[in-house]
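**Student:** Enclosed is the structure file model-v7.tsv (TSV, C-alpha atoms).
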chain	number	residue	atom	x	y	z
A	12	MET	CA	-36.37	37.56	17.20
A	13	ALA	CA	-32.83	36.65	18.22
A	14	HIS	CA	-30.97	39.07	20.47
A	15	CYS	CA	-27.28	39.72	20.72
A	16	TYR	CA	-26.35	39.44	24.42
A	17	LEU	CA	-23.22	41.29	25.57
A	18	THR	CA	-21.29	41.41	28.81
A	19	THR	CA	-20.30	44.81	30.20
A	20	ALA	CA	-16.80	44.42	28.74
A	21	GLU	CA	-18.15	43.48	25.31
A	22	LEU	CA	-20.58	46.41	25.31
A	23	ALA	CA	-17.78	48.76	26.38
A	24	GLU	CA	-15.66	47.60	23.47
A	25	ARG	CA	-18.54	47.95	21.02
A	26	ILE	CA	-19.62	51.49	22.02
A	27	LYS	CA	-16.11	52.72	22.95
A	28	TYR	CA	-16.95	53.52	26.58
A	29	ASP	CA	-15.08	52.40	29.68
A	30	ALA	CA	-16.78	49.45	31.41
A	31	ARG	CA	-16.79	51.41	34.68
A	32	THR	CA	-18.67	54.27	32.99
A	33	ILE	CA	-21.31	51.82	31.82
A	34	ARG	CA	-21.69	50.33	35.31
A	35	GLU	CA	-21.62	53.59	37.26
A	36	ARG	CA	-23.11	56.25	34.96
A	37	LEU	CA	-25.21	54.61	32.24
A	38	LYS	CA	-26.78	51.59	33.94
A	39	ASP	CA	-30.14	52.49	35.50
A	40	ARG	CA	-29.98	56.07	34.19
A	41	VAL	CA	-29.84	55.50	30.45
A	42	LEU	CA	-29.72	51.73	30.18
A	43	LEU	CA	-32.81	50.29	31.85
A	44	GLU	CA	-33.38	46.79	33.21
A	45	GLY	CA	-35.85	44.86	31.09
A	46	ILE	CA	-35.26	47.09	28.08
A	47	HIS	CA	-31.48	47.38	27.65
A	48	TYR	CA	-30.26	44.64	29.97
A	49	ILE	CA	-31.42	41.56	31.83
A	50	ARG	CA	-30.28	39.49	34.80
A	51	PRO	CA	-30.58	35.91	33.57
A	52	PHE	CA	-32.22	33.53	36.04
A	53	GLY	CA	-32.48	36.33	38.63
A	54	GLY	CA	-28.74	36.29	39.32
A	55	ARG	CA	-26.17	39.03	39.68
A	56	LYS	CA	-24.75	38.70	36.17
A	57	ILE	CA	-25.93	41.35	33.71
A	58	LEU	CA	-26.30	40.79	29.98
A	59	TYR	CA	-26.91	43.79	27.73
A	60	LEU	CA	-29.26	43.56	24.74
A	61	TRP	CA	-27.49	45.10	21.76
A	62	GLU	CA	-30.48	45.81	19.50
A	63	PRO	CA	-32.40	48.15	21.88
A	64	ILE	CA	-29.17	49.90	22.91
A	65	GLU	CA	-28.23	50.55	19.29
A	66	ARG	CA	-31.78	51.72	18.47
A	67	ASP	CA	-31.90	54.15	21.39
A	68	MET	CA	-28.41	55.53	20.70
A	69	LYS	CA	-29.49	56.34	17.14
A	70	LEU	CA	-32.81	57.86	18.26
A	71	HIS	CA	-31.16	60.09	20.83
A	72	SER	CA	-28.49	61.16	18.37
A	73	ALA	CA	-31.14	62.06	15.77
A	74	GLU	CA	-33.15	64.06	18.34
A	75	GLU	CA	-30.08	66.04	19.39
A	76	SER	CA	-29.17	66.88	15.80
A	77	LEU	CA	-32.52	68.60	15.13
A	78	GLY	CA	-31.72	71.63	17.30
A	79	VAL	CA	-29.21	74.46	17.11
A	80	PRO	CA	-26.94	74.63	20.18
A	81	MET	CA	-27.07	77.92	22.04
A	82	ALA	CA	-24.23	79.68	23.91
A	83	ARG	CA	-25.58	78.94	27.41
A	84	GLY	CA	-26.14	75.24	26.76
A	85	GLY	CA	-29.73	75.36	25.51
A	86	VAL	CA	-30.99	74.17	22.14
A	87	CYS	CA	-33.08	76.13	19.65
A	88	HIS	CA	-35.65	73.92	17.88
A	89	GLY	CA	-36.85	76.12	15.13
Rewrite the structure of this file - the entire thing - as structure tokens.
**Tutor:**
Amino acid sequence: MAHCYLTTAELAERIKYDARTIRERLKDRVLLEGIHYIRPFGGRKILYLWEPIERDMKLHSAEESLGVPMARGGVCHG
């Protein structure tokens, strides 16, 4: 299966986030090495894998939409 590899700037443009937010807040918290990004040839450069990122964004969005938001920040699931 062919993957679409993106730089941080390209990913930022695609998901409408600032590149700094991706580097400082999403990488290693939401975007995980080996799943959402790789370091080709063991170097410092990071390439993001678009397909798993898109899949997980949709999954998380669908999970969040199943509950009813509550006044104090909780979610009612039924």
**Student:** Could you work out an axis-aligned bounding box for all listed atoms of range 30-47 of chain A, with 6 Å added on each of the six sides, and give its centre and edge lengths in Å to one decimal, as JSON?
**Tutor:**
{"center_x": -26.3, "center_y": 50.6, "center_z": 32.5, "size_x": 31.1, "size_y": 23.4, "size_z": 21.6}
**Student:** Excluding Tyr59 in chain A and its own-chain neighbours fewer than 2 positions away, which residues fall within 6 Å of it when counting all atoms listed in the file? Please give them as a PDB file with C-alpha atoms, keeping the file's coordinate frame.
**Tutor:**
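So result.pdb came out as:
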ATOM      1  CA  TYR A  16     -26.350  39.440  24.420  1.00  0.00           C
ATOM      2  CA  LEU A  17     -23.220  41.290  25.570  1.00  0.00           C
ATOM      3  CA  HIS A  47     -31.480  47.380  27.650  1.00  0.00           C
ATOM      4  CA  TYR A  48     -30.260  44.640  29.970  1.00  0.00           C
TER       5      TYR A  48
END
**Student:** Just the residues within 12 Å of Leu42 in chain A, please, counting only C-alpha atoms, with nothing from its chain fewer than 5 positions along; format it as a list in words.
**Tutor:**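 Using only C-alpha atoms, the neighbours found are Thr19, Leu22, Thr32, Ile33, Arg34, Glu35, Arg36, Leu37, His47, Tyr48, Ile49, Ile57, Leu58, Tyr59, Leu60, Trp61, Pro63, Ile64, Glu65, Arg66, Asp67 and Met68 of chain A.
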**Student:** For CA of His14 in chain A and CA of Lys56 in chain A, quote the distance in Å rounded to one decimal.
**Tutor:**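 Separating CA of His14 in chain A from CA of Lys56 in chain A is a distance of 16.9 Å.
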**Student:** Just give me the gap between CA of Gly85 in chain A and CA of Tyr28 in chain A in Å, one decimal is fine.
**Tutor:** 25.3 Å
**Student:** Please, what distance in Å, to one decimal, runs between CA of Arg31 in chain A and CA of Gly53 in chain A?
**Tutor:** 22.1 Å
**Student:** Have a look at A:His71, A:Glu21, A:Cys15, A:Arg55 and name the one nearest to Val41 in chain A; count all atoms listed in the file.
**Tutor:**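 Ranking A:His71, A:Glu21, A:Cys15, A:Arg55 by distance to Val41 in chain A, first place goes to A:His71.
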